[in-house]
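**Q** Right, I'll just put the structure down here and ask away after.
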Protein chains: 2
Amino acid sequence: LIATGGAAAPQPPLPAILIHAGAGPFRDRLRADQPQVTRVLHDVLTRGRTALEQGADALAVAIRCVELLEDCELFNAGVGSALCADGTVEMSAAAMRGSDRAAGAVAGVHTVRNPIRAAELVLGGQQVLMIGEPADRRAAEHGLATQPNDAFITKREQVALALRAQSDAAAHGTVGAVCRDRRGELAAATSTGGISGQPPGRVGDSPLFGAGTWADANVAVSCTGEGEAFIRAGAAARIAAQVAAGRSLQTSASDALAEVGAVGGRGGLIALSAAGAYALELSTEAMPRGRWQAGGEPQVWVAR
Amino acid sequence: LIATGGAAAPQPPLPAILIHAGAGPFRDRLRADQPQVTRVLHDVLTRGRTALEQGADALAVAIRCVELLEDCELFNAGVGSALCADGTVEMSAAAMRGSDRAAGAVAGVHTVRNPIRAAELVLGGQQVLMIGEPADRRAAEHGLATQPNDAFITKREQVALALRAQSDAAAHGTVGAVCRDRRGELAAATSTGGISGQPPGRVGDSPLFGAGTWADANVAVSCTGEGEAFIRAGAAARIAAQVAAGRSLQTSASDALAEVGAVGGRGGLIALSAAGAYALELSTEAMPRGRWQAGGEPQVWVAR
């Protein structure tokens, strides 16, 4: 299916997709949702696989997987976004292509239905990061679907906000995808609704390249968890530097999470290397996550 | 002055300050302003030196130096900020302390007079990055000086915006400072008004940790130049990773600027290491910059 060259051509590593839907404690809510979470993640991997098999590139597939996760109310991104302390929704997303490090992100957007598509739009333009109302407006001007901020507010997240002080109900977090296509190229995409009860204006690691999202010629990374700690650890950039220096992807990923722990945070990450390795790491009780690689079937896990 | 221990105590490296006031082409405007630019940079270094000699810590001094640069209309930060395409001013700033990687940044603020003080406020709280109106509001609530956005608009920058298409008049950029105090601790601070004529909502590398600003136990970095390229190169994080791996600061700084060039950008950076090294690098024609180290006098340069 993916072999292309003659005998002398080196085989690129197998096409692959990793996805995550946040990292956090394995609360009752996540336990109850586990069958549905598993089904959605499996479906996203299957759709991504089909696209890759049909020749789609890594960036397109990573973005498409994140878009599908944004469209699921179970996850804290797009229509399932957590609510800020004032009851509004603020979303952020980022996409990066490894081959040329083209990068686009939005932060603090309120009306674009799929923030990852707004990030894709930024990636195609002159800027790298656009924030707030101008980012929403540009998305609308380019024909992306928008909806009033109220339409993002789910009953689930209203309950989560109300219960936050008692139960830290926001166990479902940020979503992300990393992809390696049949040419061996890499891409990463991440999208988030932030933290339930966060102050409006707060931005975490998801839209920040080198913190929660990164892709270069060697590696693609998407992180989730306590965003401030991922920023202060420079988590994704740390993995990129270590892989570039020849360290294994697995060791680099573990080291990055240890570094996040050293500045007081927990979370998880997914990463694929150009050399064919993958990492699904978490320092929390649970991280809904999935993996597909050419020649195999999608696999999904929720708890550790 | 800075020796503290007995014979057995290792001497920490000498206290030092580096500052920059942007990188760009050596245009007529910068040439004409050179005497004043030199005077201001010299004054900022002298004030920072006095604070360090009186025992102030690296973070306080880096922030104070940037605040002084923000207060000078010559530079593209604070009151001298470049204008967006719509004639408004949007500012961003970041501060990071190396010892514990405490970090605070604001992006897209409109009314806080000294954005670096708003970043310092974020550093002291639970978030790492705050954007837009909530960041301005928090600054005001904590007693920081504010002024209407109109009050940031200088005649100089109105002319620059009007002439932009013909002359790229915005030769004066972002400001920044890195500092090493007498305990050997490091800090970095950066502040910017963005790019003349940028779309509102655009954020560059200055407020992004690992891109334009970084400090850890080994190194402190502040960058300036074409921000999108610094983000895509992960410039500051790249230096941090290489210094941590034992590479020299000078080589790491040169490599980072080469990497910025590899993704199509130019600029400059300042960096201090815990081991006592410093770097003042630029890939542009000019970068107003200065250096002071204990035992010496302030030195200032403008062109290459």
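Following the order of the structure tokens, first chain is A, next is B, and so on, with residues numbered from 1 inside each chain and ligands from 1 in the order they appear.
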Which polymer residues have any atom within 12 Å of an atom of Glu141 of chain A, counting only C-alpha atoms, with same-chain residues fewer than 4 positions away left out, as a ChimeraX atom specification?

**A** /A:112,118,121,134-137,145-146

**Q** Print the selection's residues with all heavy atoms to a file, as a PDB file, in the first residue's frame.

**A**
ATOM      1  N   VAL A 112     -15.697  31.149  15.893  1.00  0.00           N
ATOM      2  CA  VAL A 112     -15.424  30.217  14.805  1.00  0.00           C
ATOM      3  C   VAL A 112     -15.721  28.796  15.297  1.00  0.00           C
ATOM      4  O   VAL A 112     -15.275  28.392  16.370  1.00  0.00           O
ATOM      5  CB  VAL A 112     -13.969  30.353  14.287  1.00  0.00           C
ATOM      6  CG1 VAL A 112     -12.931  30.050  15.358  1.00  0.00           C
ATOM      7  CG2 VAL A 112     -13.758  29.470  13.063  1.00  0.00           C
ATOM      8  N   ALA A 118      -9.493  27.720  11.764  1.00  0.00           N
ATOM      9  CA  ALA A 118      -8.980  29.097  11.825  1.00  0.00           C
ATOM     10  C   ALA A 118      -7.455  29.080  11.925  1.00  0.00           C
ATOM     11  O   ALA A 118      -6.771  29.915  11.321  1.00  0.00           O
ATOM     12  CB  ALA A 118      -9.592  29.840  13.012  1.00  0.00           C
ATOM     13  N   LEU A 121      -6.055  28.438   8.564  1.00  0.00           N
ATOM     14  CA  LEU A 121      -6.110  29.662   7.763  1.00  0.00           C
ATOM     15  C   LEU A 121      -4.915  30.564   8.076  1.00  0.00           C
ATOM     16  O   LEU A 121      -4.291  31.130   7.159  1.00  0.00           O
ATOM     17  CB  LEU A 121      -7.417  30.372   8.095  1.00  0.00           C
ATOM     18  CG  LEU A 121      -7.910  31.478   7.205  1.00  0.00           C
ATOM     19  CD1 LEU A 121      -8.198  30.958   5.806  1.00  0.00           C
ATOM     20  CD2 LEU A 121      -9.194  32.075   7.819  1.00  0.00           C
ATOM     21  N   PRO A 134     -10.167  39.738  15.957  1.00  0.00           N
ATOM     22  CA  PRO A 134      -9.659  39.756  14.573  1.00  0.00           C
ATOM     23  C   PRO A 134      -9.478  38.345  13.995  1.00  0.00           C
ATOM     24  O   PRO A 134      -9.653  38.145  12.789  1.00  0.00           O
ATOM     25  CB  PRO A 134      -8.324  40.483  14.695  1.00  0.00           C
ATOM     26  CG  PRO A 134      -8.462  41.349  15.908  1.00  0.00           C
ATOM     27  CD  PRO A 134      -9.280  40.524  16.860  1.00  0.00           C
ATOM     28  N   ALA A 135      -9.115  37.395  14.836  1.00  0.00           N
ATOM     29  CA  ALA A 135      -8.959  36.016  14.356  1.00  0.00           C
ATOM     30  C   ALA A 135     -10.316  35.423  13.992  1.00  0.00           C
ATOM     31  O   ALA A 135     -10.469  34.741  12.969  1.00  0.00           O
ATOM     32  CB  ALA A 135      -8.265  35.162  15.418  1.00  0.00           C
ATOM     33  N   ASP A 136     -11.324  35.683  14.819  1.00  0.00           N
ATOM     34  CA  ASP A 136     -12.683  35.240  14.492  1.00  0.00           C
ATOM     35  C   ASP A 136     -13.175  35.882  13.203  1.00  0.00           C
ATOM     36  O   ASP A 136     -13.793  35.232  12.358  1.00  0.00           O
ATOM     37  CB  ASP A 136     -13.647  35.615  15.631  1.00  0.00           C
ATOM     38  CG  ASP A 136     -13.673  34.588  16.752  1.00  0.00           C
ATOM     39  OD1 ASP A 136     -13.767  33.391  16.444  1.00  0.00           O
ATOM     40  OD2 ASP A 136     -13.618  34.991  17.916  1.00  0.00           O
ATOM     41  N   ARG A 137     -12.895  37.188  13.076  1.00  0.00           N
ATOM     42  CA  ARG A 137     -13.395  37.922  11.914  1.00  0.00           C
ATOM     43  C   ARG A 137     -12.749  37.401  10.634  1.00  0.00           C
ATOM     44  O   ARG A 137     -13.409  37.208   9.616  1.00  0.00           O
ATOM     45  CB  ARG A 137     -13.120  39.422  12.082  1.00  0.00           C
ATOM     46  CG  ARG A 137     -13.875  40.285  11.087  1.00  0.00           C
ATOM     47  CD  ARG A 137     -13.747  41.764  11.441  1.00  0.00           C
ATOM     48  NE  ARG A 137     -12.362  42.141  11.584  1.00  0.00           N
ATOM     49  CZ  ARG A 137     -11.846  42.837  12.612  1.00  0.00           C
ATOM     50  NH1 ARG A 137     -12.604  43.232  13.590  1.00  0.00           N
ATOM     51  NH2 ARG A 137     -10.571  43.137  12.642  1.00  0.00           N
ATOM     52  N   ALA A 145     -17.322  28.355   9.115  1.00  0.00           N
ATOM     53  CA  ALA A 145     -18.583  28.383   9.863  1.00  0.00           C
ATOM     54  C   ALA A 145     -18.387  29.065  11.209  1.00  0.00           C
ATOM     55  O   ALA A 145     -17.394  28.826  11.896  1.00  0.00           O
ATOM     56  CB  ALA A 145     -19.095  26.965  10.069  1.00  0.00           C
ATOM     57  N   THR A 146     -19.315  29.939  11.566  1.00  0.00           N
ATOM     58  CA  THR A 146     -19.270  30.595  12.872  1.00  0.00           C
ATOM     59  C   THR A 146     -20.609  30.393  13.563  1.00  0.00           C
ATOM     60  O   THR A 146     -21.616  30.046  12.935  1.00  0.00           O
ATOM     61  CB  THR A 146     -19.014  32.114  12.736  1.00  0.00           C
ATOM     62  OG1 THR A 146     -20.095  32.697  12.005  1.00  0.00           O
ATOM     63  CG2 THR A 146     -17.709  32.379  12.007  1.00  0.00           C
TER      64      THR A 146
END

**Q** Can you give me chain A superposed onto chain B, least-squares on all Cα in order, written as a CSV table (one decimal) with C-alpha atoms, in the first residue's frame?

**A**
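New file superposed08.csv:
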chain,number,residue,atom,x,y,z
A,1,LEU,CA,31.9,44.2,45.3
A,2,ILE,CA,30.3,40.9,44.4
A,3,ALA,CA,32.6,38.4,46.1
A,4,THR,CA,30.7,37.0,49.0
A,5,GLY,CA,32.0,33.6,50.2
A,6,GLY,CA,35.0,32.4,52.0
A,7,ALA,CA,38.0,31.0,50.1
A,8,ALA,CA,36.3,27.6,49.4
A,9,ALA,CA,33.1,29.1,48.0
A,10,PRO,CA,33.0,29.1,44.2
A,11,GLN,CA,32.7,32.7,42.8
A,12,PRO,CA,29.5,33.1,40.9
A,13,PRO,CA,29.9,34.7,37.5
A,14,LEU,CA,29.9,38.5,37.4
A,15,PRO,CA,26.6,40.4,37.5
A,16,ALA,CA,25.8,41.6,34.0
A,17,ILE,CA,23.1,43.2,31.8
A,18,LEU,CA,22.5,43.1,28.1
A,19,ILE,CA,19.8,45.1,26.4
A,20,HIS,CA,18.5,45.5,22.9
A,21,ALA,CA,16.1,47.9,21.2
A,22,GLY,CA,15.2,45.9,18.1
A,23,ALA,CA,16.9,44.7,15.0
A,24,GLY,CA,16.4,45.8,11.4
A,25,PRO,CA,17.8,47.7,8.5
A,26,PHE,CA,20.1,50.6,9.2
A,27,ARG,CA,17.7,53.2,7.8
A,28,ASP,CA,18.1,57.0,7.7
A,29,ARG,CA,15.8,57.3,10.7
A,30,LEU,CA,17.9,55.2,12.9
A,31,ARG,CA,21.1,56.9,11.6
A,32,ALA,CA,19.6,60.3,12.6
A,33,ASP,CA,18.5,59.1,16.0
A,34,GLN,CA,21.8,57.3,16.7
A,35,PRO,CA,23.1,59.9,19.3
A,36,GLN,CA,19.9,59.8,21.2
A,37,VAL,CA,19.5,56.0,21.0
A,38,THR,CA,23.0,55.7,22.3
A,39,ARG,CA,22.4,58.0,25.2
A,40,VAL,CA,19.2,56.2,26.2
A,41,LEU,CA,20.7,52.8,26.1
A,42,HIS,CA,23.7,54.0,28.1
A,43,ASP,CA,21.3,55.5,30.7
A,44,VAL,CA,19.3,52.3,31.0
A,45,LEU,CA,22.4,50.2,31.5
A,46,THR,CA,23.6,52.7,34.2
A,47,ARG,CA,20.4,52.5,36.1
A,48,GLY,CA,20.3,48.7,35.8
A,49,ARG,CA,23.8,48.5,37.0
A,50,THR,CA,23.0,50.6,40.1
A,51,ALA,CA,20.1,48.4,40.9
A,52,LEU,CA,22.2,45.3,40.6
A,53,GLU,CA,25.0,46.7,42.7
A,54,GLN,CA,22.4,47.6,45.4
A,55,GLY,CA,21.4,43.9,45.5
A,56,ALA,CA,18.3,43.9,43.2
A,57,ASP,CA,17.6,40.5,41.6
A,58,ALA,CA,17.9,39.6,38.0
A,59,LEU,CA,14.2,39.6,37.3
A,60,ALA,CA,13.6,43.0,38.9
A,61,VAL,CA,16.5,44.5,36.9
A,62,ALA,CA,15.5,43.0,33.5
A,63,ILE,CA,11.9,44.2,34.0
A,64,ARG,CA,13.1,47.7,35.1
A,65,CYS,CA,15.4,48.0,32.0
A,66,VAL,CA,12.5,47.1,29.7
A,67,GLU,CA,10.2,49.5,31.5
A,68,LEU,CA,12.7,52.3,30.9
A,69,LEU,CA,12.9,51.3,27.2
A,70,GLU,CA,9.1,51.2,27.0
A,71,ASP,CA,9.0,54.8,28.3
A,72,CYS,CA,11.2,56.1,25.4
A,73,GLU,CA,9.3,57.1,22.3
A,74,LEU,CA,12.3,56.1,20.2
A,75,PHE,CA,11.6,52.4,20.6
A,76,ASN,CA,8.8,50.1,19.4
A,77,ALA,CA,7.3,49.2,22.8
A,78,GLY,CA,5.1,51.0,25.3
A,79,VAL,CA,4.7,54.7,24.3
A,80,GLY,CA,6.8,54.3,21.1
A,81,SER,CA,4.8,51.3,19.8
A,82,ALA,CA,4.3,50.8,16.1
A,83,LEU,CA,0.7,51.2,14.8
A,84,CYS,CA,-1.5,48.4,13.5
A,85,ALA,CA,-3.0,48.8,10.1
A,86,ASP,CA,-6.1,50.3,11.6
A,87,GLY,CA,-4.0,53.0,13.4
A,88,THR,CA,-4.4,51.5,16.9
A,89,VAL,CA,-1.6,50.2,19.2
A,90,GLU,CA,-1.4,46.6,20.4
A,91,MET,CA,1.4,45.6,22.7
A,92,SER,CA,2.9,42.4,24.1
A,93,ALA,CA,5.5,41.7,26.7
A,94,ALA,CA,7.0,38.8,28.7
A,95,ALA,CA,9.2,38.2,31.7
A,96,MET,CA,10.8,35.0,32.9
A,97,ARG,CA,12.9,34.1,35.9
A,98,GLY,CA,15.6,31.5,35.4
A,99,SER,CA,15.8,30.0,38.9
A,100,ASP,CA,12.3,28.5,38.9
A,101,ARG,CA,11.1,29.3,35.4
A,102,ALA,CA,8.4,31.5,36.7
A,103,ALA,CA,6.9,33.2,33.6
A,104,GLY,CA,4.4,35.8,32.8
A,105,ALA,CA,3.3,37.4,29.5
A,106,VAL,CA,0.6,39.6,28.0
A,107,ALA,CA,-0.4,39.9,24.4
A,108,GLY,CA,-2.7,42.2,22.6
A,109,VAL,CA,-3.0,44.8,25.4
A,110,HIS,CA,-4.2,48.3,24.6
A,111,THR,CA,-4.2,50.5,27.7
A,112,VAL,CA,-1.6,49.4,30.3
A,113,ARG,CA,1.2,52.0,30.1
A,114,ASN,CA,4.0,49.5,30.7
A,115,PRO,CA,3.1,46.1,29.3
A,116,ILE,CA,6.2,44.6,31.0
A,117,ARG,CA,4.6,45.4,34.4
A,118,ALA,CA,1.5,43.6,33.3
A,119,ALA,CA,3.6,40.6,32.4
A,120,GLU,CA,5.3,40.8,35.8
A,121,LEU,CA,1.8,40.8,37.4
A,122,VAL,CA,0.9,37.6,35.4
A,123,LEU,CA,4.2,36.0,36.5
A,124,GLY,CA,3.1,36.5,40.1
A,125,GLY,CA,-0.2,34.7,39.6
A,126,GLN,CA,-1.6,31.4,38.4
A,127,GLN,CA,-1.6,32.0,34.7
A,128,VAL,CA,1.4,32.4,32.3
A,129,LEU,CA,-0.1,34.2,29.3
A,130,MET,CA,-3.1,36.6,29.4
A,131,ILE,CA,-4.4,38.3,26.3
A,132,GLY,CA,-6.5,41.3,25.3
A,133,GLU,CA,-8.9,43.3,27.4
A,134,PRO,CA,-8.9,40.9,30.5
A,135,ALA,CA,-5.1,41.5,30.7
A,136,ASP,CA,-5.5,45.2,30.6
A,137,ARG,CA,-8.3,45.1,33.1
A,138,ARG,CA,-6.3,43.0,35.6
A,139,ALA,CA,-3.4,45.4,35.3
A,140,ALA,CA,-5.7,48.3,36.1
A,141,GLU,CA,-7.2,46.5,39.0
A,142,HIS,CA,-3.8,46.0,40.4
A,143,GLY,CA,-3.0,49.7,40.2
A,144,LEU,CA,-0.8,49.7,37.1
A,145,ALA,CA,-0.9,53.0,35.2
A,146,THR,CA,-3.2,52.9,32.2
A,147,GLN,CA,-3.9,55.4,29.4
A,148,PRO,CA,-6.3,55.5,26.5
A,149,ASN,CA,-5.0,53.7,23.4
A,150,ASP,CA,-4.8,57.1,21.6
A,151,ALA,CA,-2.2,58.3,24.0
A,152,PHE,CA,0.2,55.6,22.7
A,153,ILE,CA,0.0,57.0,19.2
A,154,THR,CA,3.0,59.1,18.3
A,155,LYS,CA,3.4,61.3,15.3
A,156,ARG,CA,6.6,59.3,14.5
A,157,GLU,CA,4.6,56.1,14.2
A,158,GLN,CA,1.8,57.7,12.3
A,159,VAL,CA,4.4,58.8,9.7
A,160,ALA,CA,6.0,55.4,9.8
A,161,LEU,CA,2.6,53.7,9.1
A,162,ALA,CA,1.9,56.1,6.3
A,163,LEU,CA,5.3,55.6,4.7
A,164,ARG,CA,5.4,51.9,5.3
A,165,ALA,CA,4.8,50.8,1.8
A,166,GLN,CA,7.6,53.0,0.5
A,167,SER,CA,10.3,52.8,3.1
A,168,ASP,CA,9.8,50.2,5.7
A,169,ALA,CA,10.4,53.0,8.2
A,170,ALA,CA,10.0,50.8,11.3
A,171,ALA,CA,13.6,50.2,11.8
A,172,HIS,CA,13.4,50.5,15.5
A,173,GLY,CA,11.9,47.3,17.0
A,174,THR,CA,11.1,45.3,20.1
A,175,VAL,CA,13.1,46.0,23.3
A,176,GLY,CA,14.5,43.5,25.7
A,177,ALA,CA,16.9,42.8,28.5
A,178,VAL,CA,18.6,39.9,30.1
A,179,CYS,CA,20.3,40.0,33.4
A,180,ARG,CA,22.5,38.0,35.7
A,181,ASP,CA,22.5,39.1,39.4
A,182,ARG,CA,25.2,38.7,42.1
A,183,ARG,CA,23.8,35.3,43.1
A,184,GLY,CA,24.3,34.2,39.5
A,185,GLU,CA,20.6,34.0,38.8
A,186,LEU,CA,19.2,34.9,35.4
A,187,ALA,CA,16.1,36.6,34.0
A,188,ALA,CA,14.8,37.8,30.6
A,189,ALA,CA,12.3,40.4,29.6
A,190,THR,CA,10.9,41.5,26.2
A,191,SER,CA,8.3,44.1,25.1
A,192,THR,CA,7.0,45.1,21.7
A,193,GLY,CA,4.5,47.1,19.8
A,194,GLY,CA,4.6,44.6,17.0
A,195,ILE,CA,5.1,45.5,13.3
A,196,SER,CA,4.1,48.8,11.7
A,197,GLY,CA,1.0,48.0,9.7
A,198,GLN,CA,0.3,44.6,11.2
A,199,PRO,CA,-3.2,43.4,11.3
A,200,PRO,CA,-4.9,43.8,14.7
A,201,GLY,CA,-4.7,40.5,16.6
A,202,ARG,CA,-1.3,39.6,15.2
A,203,VAL,CA,1.1,38.3,18.0
A,204,GLY,CA,4.8,37.8,17.4
A,205,ASP,CA,7.5,36.0,19.3
A,206,SER,CA,8.1,38.5,22.1
A,207,PRO,CA,5.4,37.2,24.6
A,208,LEU,CA,6.0,33.5,23.7
A,209,PHE,CA,8.3,31.6,25.9
A,210,GLY,CA,10.8,29.5,24.0
A,211,ALA,CA,10.3,31.7,20.9
A,212,GLY,CA,11.3,35.4,21.7
A,213,THR,CA,11.9,35.1,25.5
A,214,TRP,CA,13.3,32.4,27.8
A,215,ALA,CA,15.2,32.0,31.1
A,216,ASP,CA,16.2,28.9,33.0
A,217,ALA,CA,19.0,28.0,35.3
A,218,ASN,CA,21.5,28.0,32.4
A,219,VAL,CA,20.6,30.8,30.1
A,220,ALA,CA,18.4,33.9,29.6
A,221,VAL,CA,17.5,35.0,26.1
A,222,SER,CA,15.5,37.9,24.5
A,223,CYS,CA,15.0,38.1,20.7
A,224,THR,CA,13.9,40.7,18.2
A,225,GLY,CA,13.3,40.7,14.5
A,226,GLU,CA,10.8,38.9,12.2
A,227,GLY,CA,8.7,37.3,14.9
A,228,GLU,CA,7.0,34.6,12.8
A,229,ALA,CA,10.4,33.2,11.9
A,230,PHE,CA,11.6,33.2,15.5
A,231,ILE,CA,8.4,31.3,16.5
A,232,ARG,CA,8.9,28.7,13.7
A,233,ALA,CA,12.5,28.3,14.6
A,234,GLY,CA,11.8,28.0,18.3
A,235,ALA,CA,14.7,30.3,18.6
A,236,ALA,CA,15.1,30.9,22.4
A,237,ALA,CA,14.2,27.2,23.3
A,238,ARG,CA,16.9,26.1,20.8
A,239,ILE,CA,19.5,28.1,22.5
A,240,ALA,CA,18.4,26.8,25.9
A,241,ALA,CA,18.6,23.2,24.7
A,242,GLN,CA,22.0,23.6,23.2
A,243,VAL,CA,23.5,25.3,26.2
A,244,ALA,CA,22.0,22.6,28.4
A,245,ALA,CA,23.7,20.1,26.2
A,246,GLY,CA,27.1,21.8,26.8
A,247,ARG,CA,27.4,23.8,23.6
A,248,SER,CA,28.9,27.3,23.9
A,249,LEU,CA,26.5,30.2,24.3
A,250,GLN,CA,28.0,31.9,21.3
A,251,THR,CA,27.7,28.9,19.0
A,252,SER,CA,24.2,28.3,20.2
A,253,ALA,CA,23.1,31.9,19.6
A,254,SER,CA,24.6,31.8,16.1
A,255,ASP,CA,22.9,28.5,15.3
A,256,ALA,CA,19.6,29.9,16.5
A,257,LEU,CA,19.8,32.9,14.2
A,258,ALA,CA,20.9,30.6,11.3
A,259,GLU,CA,17.8,28.6,12.0
A,260,VAL,CA,15.6,31.7,11.9
A,261,GLY,CA,17.3,32.4,8.6
A,262,ALA,CA,16.4,28.9,7.4
A,263,VAL,CA,12.7,29.6,7.9
A,264,GLY,CA,13.1,32.9,6.0
A,265,GLY,CA,13.6,35.5,8.8
A,266,ARG,CA,16.2,37.9,10.2
A,267,GLY,CA,16.7,39.6,13.5
A,268,GLY,CA,18.9,39.6,16.6
A,269,LEU,CA,19.1,38.3,20.1
A,270,ILE,CA,20.9,38.9,23.4
A,271,ALA,CA,21.8,36.1,25.8
A,272,LEU,CA,23.6,35.5,29.1
A,273,SER,CA,24.6,32.2,30.6
A,274,ALA,CA,25.0,31.1,34.2
A,275,ALA,CA,28.6,30.2,33.3
A,276,GLY,CA,29.4,33.8,32.6
A,277,ALA,CA,29.2,34.0,28.8
A,278,TYR,CA,27.3,36.5,26.8
A,279,ALA,CA,26.0,36.8,23.2
A,280,LEU,CA,24.9,39.8,21.2
A,281,GLU,CA,24.0,38.4,17.8
A,282,LEU,CA,22.3,40.0,14.8
A,283,SER,CA,21.6,39.0,11.2
A,284,THR,CA,20.3,42.4,10.3
A,285,GLU,CA,22.2,45.6,9.5
A,286,ALA,CA,21.6,47.1,12.9
A,287,MET,CA,20.5,46.3,16.4
A,288,PRO,CA,20.8,49.0,19.0
A,289,ARG,CA,22.3,47.1,22.0
A,290,GLY,CA,24.3,47.5,25.1
A,291,ARG,CA,26.2,45.5,27.7
A,292,TRP,CA,27.4,46.1,31.2
A,293,GLN,CA,29.3,43.6,33.3
A,294,ALA,CA,30.5,44.1,36.9
A,295,GLY,CA,34.0,45.6,36.9
A,296,GLY,CA,33.5,47.4,33.6
A,297,GLU,CA,31.6,50.4,32.1
A,298,PRO,CA,28.4,50.2,30.0
A,299,GLN,CA,29.1,49.7,26.3
A,300,VAL,CA,26.6,50.6,23.5
A,301,TRP,CA,26.5,49.7,19.8
A,302,VAL,CA,23.9,50.5,17.1
A,303,ALA,CA,25.0,49.1,13.7
A,304,ARG,CA,26.7,45.8,13.1

**Q** Run DSSP on the backbone of this structure and report the residues of segment 142-215 of chain B it assigns to alpha helix (DSSP H), as an NGL selection string.

**A** :B and (155-167)

**Q** Please report, as an MDAnalysis selection string, each residue of segment 11-53 of chain B to which DSSP assigns strand (DSSP E) when run on this structure's backbone.

**A** chainID B and resid 16:20
